[in-house]
Amino acid sequence: MSYEYLNTRLHFMIVKLLKPAQYEQYLELRDLGDLISALAETDYGPDLERHAVEHAGYPLVEAALMHNVQRHFSKLWSMAFADARPLVRILLERFEVFNLKTILRGFHAGTDPAETARGLFPTILYPTSFYQELLKRDGIGGVIDYLLTVGNRYYKPLSESYPSYEANHKLAVLESAVDSYYFAGSRRVLQAVGDDNAVAIRRTLGTEVDLLNLVYALRVVEEGVESEERYRYILDGGERLSRRFIEELIASPDRASFFRKLDGTEYASRVGGFEDTLGVGEFQERLETYLYQEMCRYDPGRTFDIHMASVYVWRKYVEMTDLRVIASGLWRRVPREEIEQKMIWVKGVTPDRAAAA
Amino acid sequence: MSRRTAIQIAAGILLFNVLLVGLAIRAWAQAATTPAAGLTDAGLKTVGAGLAFLGGAIGTGMAQSRIIAAVLGAVAEDRSQLGFGIFLMAFPETLVILGFVMAFILR
């Protein structure tokens with residue numbers, strides 16, 4: 001097999017993703033029943049039909065979305081030939097890391113496990129039962145023990161950072177450990193592969209690392225952390241921002257100084273500059289919007305490499321998240337503005353936000 | 001089809017064509033009534049004909065290896081693409097036909 005085979009199939013799968021006009025149509029619906037009827041006409045039809053016997057209402061949509069994403073990601077995984085498989089694994093493992101962090105966050109905040117389960121993203125590398133078992137634990141310590149029992153590799157970074165978490169109860173310690181482990185492991189794999197496709201994936205991961213570091217740096221500046229420990233949680237492997245630069249940002253005395261230093265970077269010019277008054281929440285939102293735009297943008301000149309698989313995975317993620325938001329909003333009968341606020345907006349993938357509003 | 005397999009196929013086609021050219025030269029040498037002291041015009045024409053066919057065959061092999069993989073992918077997703085896929089698969093054959101015609105003209 002080859003990228004010609006993989007990417008032709010992916011092209012057909014991308015064509016089946018929802019169009020901006022469909023999102024607009026769903027946003028105008030009055031209740032969840034209408035959304036289920038509308039989704040039944042799309043690629044989600046077979047998934048809705050399959051779960052209609054055991055579920056109804058929002059749980060039906062949730063089960064169908066989960067099943068649909070798992071079905072497509074499993075297909076991508078099985079289509080990935082020897083050269084592409086480690087790269088596709090890195091793309092998909094990102095969601096396992098996301099789920100693991102969601103579970104840790106849930107236990108840290110004392111959230112109801114059922115509520116945490118609703119925030120999980122469908123994955124295929126680890127089975128659903130794995131996450132169900134994790135959610136049955138009595139705390140973060142129990143999660144780490146379970147990871148050891150089943151031989152999951154994320155046991156290592158979590159068990160190493162757990163004593164530090166127990167001492168200061170800072171979730172960032174555990175999150176940073178999981179992220180570092182994932183990014184460092186992925187970089188090692190990419191280095192071993194070493195071709196142009198590996199470089200493309202490394203750039204994708206590097207951009208994510210940069211954005212995570214930027215959000216972390218602003219949070220540290222806002223909270224006024226003075227100890228040397230603030231430099232400990234910087235992730236390595238950024239694409240455009242060096243560790244030294246992030247350290248300089250962290251050392252900023254205030255937000256104004258932070259944004260002045262950031263002004264000259266490529267991220268500031270691409271995002272369109274940052275106001276001095278910007279809080280961490282909005283800063284993170286803007287960077288994430290930029291990340292989604294970058295990752296979902298399809299370059300037609302790159303037909304025979306890993307780019308299309310990466311674009312597909314990100315677009316599917318956006319579609320799943322937006323459908324979840326719309327379905328949940330219609331179910332809880334929240335105003336359309338509130339639904340729109342929580343959606344991910346990507347040019348060319350979802351409708352233009354201003355037009356939709 | 002992996003890159004290695006494609007290279008192996010291309011190498012196979014190359015070898016086959018080199019063999020063809022070799023046989024053509026040998027046949028020409030045997031057919032010559034008087035032994036020539038070096039390459040004659042007719043000999044150079046034969047070599048040129050072989051090279052023309054060789055180039056066309058290599059081009060066809062390279063193009064088809066990628067097109068067939070893509071067509072298989074398309075048909076796996078949508079069976080109605082088979083007809084257009086066969087047309088696409090056959091399209092690079094024009095290269096080898098052109099090479100053959102050129103070889104025929106030169107001969």
# chains A, B, ... in the order shown; residues from 1 in each chain; ligands from 1
call {"tool": "residues_around", "arguments": {"residues": "Glu208 of chain A", "least_positions_apart": "6", "cutoff": "9 Å", "atoms": "only C-alpha atoms", "output": "ChimeraX atom specification"}}
result
/A:238-239,291
call {"tool": "write_last_selection", "arguments": {"atoms": "N, CA and C atoms", "output": "short mmCIF file (atom, residue, chain, number, x, y, z; two decimals), in the first residue's frame"}}
result
data_model
loop_
_atom_site.label_atom_id
_atom_site.label_comp_id
_atom_site.auth_asym_id
_atom_site.auth_seq_id
_atom_site.Cartn_x
_atom_site.Cartn_y
_atom_site.Cartn_z
N GLY A 238 9.27 22.71 20.95
CA GLY A 238 8.45 23.72 20.27
C GLY A 238 8.95 23.95 18.84
N GLU A 239 8.04 24.34 17.98
CA GLU A 239 8.40 24.50 16.57
C GLU A 239 9.05 25.85 16.31
N LEU A 291 -4.83 27.26 16.09
CA LEU A 291 -4.37 25.87 15.94
C LEU A 291 -5.34 25.07 15.07
#
call {"tool": "residues_around", "arguments": {"residues": "Ile68 of chain B", "least_positions_apart": "4", "cutoff": "7 Å", "atoms": "only C-alpha atoms", "output": "PyMOL selection string"}}
result
chain B and resi 64+72+89
call {"tool": "closest_atom_pairs", "arguments": {"of": "chain A", "to": "chain B", "cutoff": "7 Å", "atoms": "only C-alpha atoms", "output": "tab-separated table"}}
result
residue	atom	partner	partner_atom	distance
A:Met1	CA	B:Met1	CA	3.8
A:Ser2	CA	B:Met1	CA	5.2
A:Glu4	CA	B:Ala70	CA	4.8
A:Tyr5	CA	B:Ala70	CA	4.6
A:Leu6	CA	B:Gly73	CA	6.6
A:Thr8	CA	B:Gly73	CA	5.4
A:Arg9	CA	B:Gly73	CA	5.1
A:Phe12	CA	B:Glu77	CA	6.8
call {"tool": "residues_around", "arguments": {"residues": "Met308 of chain A", "least_positions_apart": "2", "cutoff": "10 Å", "atoms": "only C-alpha atoms", "output": "list in words"}}
result
Tyr3, Leu6, Asn7, Thr8, Leu10, His11, Ile14, Cys296, Arg297, Tyr298, Asp299, Pro300, Arg302, Thr303, Phe304, Asp305, Ile306, Ser310, Val311, Tyr312, Val313 and Trp314 of chain A
call {"tool": "closest_residue", "arguments": {"among": "B:Gly12, B:Gly61, B:Gly22, B:Gly85", "to": "Val47 of chain B", "atoms": "only C-alpha atoms"}}
result
B:Gly22
call {"tool": "atom_distance", "arguments": {"atom1": "atom CA of Val53 of chain A", "atom2": "atom CA of Leu134 of chain A"}}
result
27.3 Å
call {"tool": "atom_distance", "arguments": {"atom1": "atom CA of Gly194 of chain A", "atom2": "atom CA of Ala11 of chain B"}}
result
25.1 Å
